[in-house]
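Written below as structure tokens is the structure these notes are about.
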Amino acid sequence: MNEQIVILDFGSQYTQVIARRVRECNVYSTIVHFNTPAAKIAAMKPSGIILSGGPSSVYAPKAPLPDENIFNLGVPVLGICFGVQLLAQFLGGKVEKGQKREYGKGTLTIKDKSCALFSKLPKSLQVWNSHGDKLTKIPNGFKPVAVTENSEYAAIENRAKKFFGLQFHPEVVHTPRGKEILANFVHGVCGCGKNWTMRNYLEQAVEEIRAQVRQEKVILGLSGGVDSSVAAALLHKAIGSQLTCIFVNNGLLRAREADVVREVFGRNFKMKLQYENSSALFLKKLKGVTDPETKRKIIGRAFVDVFQAATKRAGKAKFLAQGTLYPDVIESVPIAGNPAALIKSHHNVGGLPKNMKFQLVEPLKNLFKDEVRLLGLELGLPKEIVWRQPFPGPGLAVRILGEVSPKRCEILRNADAIVVEEMKASGLYYKIWQSFAVLLPVRSVGVMGDERTYDYTIAIRAVESQDGMTADWVKLPYDLLEKLASRIINEVKGVNRCVFDITSKPPGTIEWE
Ligand code: XMP
């Protein structure tokens, strides 16, 4: 990880997107807090610095401001939106409240084709704007290189210093060629090669794990989800039989889930896999419980107990491995309430008790989710695991409204298996965020053959989402819906009605609970 781009976060909701785009150019990127001292940034030996956008005005009394010495490090700087206004503010330009807020699509016209940022790009580009303030005077040494309908300084540069500013957002998908602009910055201006690949990362991560763990034993809680699965495969590659994976069957798993995990990790990878079948225990504790929060608490606590007992049986280990990802460790700037940072804390069930005295190994903590998937493929994990849709820790319990009895688990498991099977057959399963069945607590009357039935209702949920924070329901084709409903009602005993959920998030949530 020699070359890197350092991104200063001023609270934009897109800061992480900038980091991902840079990495998609095969250049490593790190996000740091906006007021990180310049000396600390210099010590990171960045090839370039990007100043993110942010919701503040540079002239506001509490505006987040960087250490001004970052402009004296002799390193190229790219300011985006709020970032270009900072450049102006610090280097002698002027920012004022705009007459009109520039928001949404715009057309960028490049006036100076020799600007390195726009190399190999057409003269006119669609861009995405989102700013109220306006640059009204650019600093000495800078010149305007592109304009939009509303802004004569949509892109500016100081060629000698390699300082650039963009008033629009190159990182978002609504700036279709924005990634090329960022690629021009990191490769063309900063001189970075294309060294950040999952193959390189894999080699390096294996070395780092070996150096950290040495001859000690490591325990990992394997859930079958993407993160813990990739962490397991990576650790196994690095330290082989020093790793023990503990897989807890809480009785709330989907059809074949336990089999797939045992097959892939036990039989194919030949990992030490300790399978804890605790279904009976969990279901006993959940008997008669209908309140969703109580269910979650019971499951969280039972998991800790089972896991703790299992680690003792696994033998003395010094390390506990976790599939923590980069978005979980970025210290987010609170001013904008970075949405990506909120999701884990809200959902993570229980966590492990503080008295478990392990040192942590977190081999994925520099990676974004899409990178973890690429690494999983590099490690030879099957698509079925690498491209799995998210599945909540408390499992089917959050999708069984009312009591979680063995019979109701069976009903949902069977209905869910049909949803997964048909979604895969339609080719939609891997294209959307989640698709699943929910078992409702209502029963209604129906007729099947000559008989009157009084059975449960299954709700089908299919959503698109980027990160689970907001979601839209997917307009599944009618013939697929028809097939789902008819198969579920015909094949799943105890169900006589199917409904399709057309609620977006907000105001709904993705799971029902
Ligand atoms: P909601 O239902 O809040 O879910 O819209 C947002 C995303 O989080 C997943 N989810 C969970 N993930 N443990 C998890 O690891 C949980 O307890 C949990 N509950 C919800 C949900 O599937 C969706 O992707």
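Going by the structure tokens order, chains are called A, B, ..., each with residues numbered from 1, while ligands are numbered from 1 in the order shown.
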request  = May I ask you to write as a ChimeraX atom specification all residues lying at most 9 Å from ligand 1, with only C-alpha atoms and all ligand atoms counted?
outcome  = /A:296,343-344,346-349,389-395,398,433-434,465,467-471,505-506,508-513
inquiry  = I'd like the contact shell of range 240-253 of chain A - 8 Å cut-off, only C-alpha atoms, skipping same-chain residues fewer than 5 positions apart - returned as an MDAnalysis selection string.
reply    = chainID A and resid 215:223 232 235 258 271:283 303 306:307 310:311 314 394:397 409 413
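The gap separating CA of Val172 in chain A from CA of Gly98 in chain A is 22.4 Å, in Å to one decimal.
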inquiry  = I need the residues of range 212-454 of chain A that end up classed as alpha helix (DSSP H) by DSSP on the backbone, written out as a ChimeraX atom specification.
reply    = /A:212-213,226-239,257-261,279-286,292-314,326-329,339-347,369-378,383-386,406-426
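Around Pro363 in chain A, within 9 Å and counting only C-alpha atoms, the residues found are Ala205, Val206, Glu208, Ile209, Ala231, Leu234, Leu235, Ala321, Gln322, Gly323, Thr324 and Leu325 of chain A, once anything fewer than 6 positions away on its own chain is removed.
Taking only C-alpha atoms, the non-local environment of Val333 in chain A within 8 Å (same-chain residues fewer than 6 positions away omitted) comprises A:Asp9, A:Phe10, A:Gly11, A:His33.
Remark: for Leu412 in chain A, the closest of the candidate residues A:Ala160, A:Leu480, A:Ala317, A:Ala255 is A:Ala255 (distances computed over only C-alpha atoms).
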Residue contacts of Val445 in chain A (12 Å, only C-alpha atoms) excluding same-chain residues fewer than 3 positions away, as a list of chain:residue names = A:Val442, A:Met448, A:Glu451, A:Arg452, A:Thr453, A:Tyr454, A:Asp455, A:Tyr456, A:Thr457, A:Gly494, A:Val495, A:Asn496, A:Arg497
Each residue of range 180-264 of chain A with at least one atom at most 12 Å from range 49-72 of chain A should appear once, together with its nearest atom pair and the corresponding distance in Å (one decimal); atoms considered: only C-alpha atoms; ordering: chain, then increasing residue number; output as CSV.
```
residue,atom,partner,partner_atom,distance
A:Leu182,CA,A:Ile50,CA,9.9
A:Phe185,CA,A:Ile50,CA,9.6
A:Val186,CA,A:Ile49,CA,9.5
A:Val189,CA,A:Ile49,CA,11.1
A:Cys190,CA,A:Ile49,CA,9.1
```
task = Check the smallest atom-to-atom distance from each of A:Gln204, A:Asn150, A:Gln4, A:Ser114 to Ser130 in chain A using only C-alpha atoms, then report the winner.
result = A:Asn150
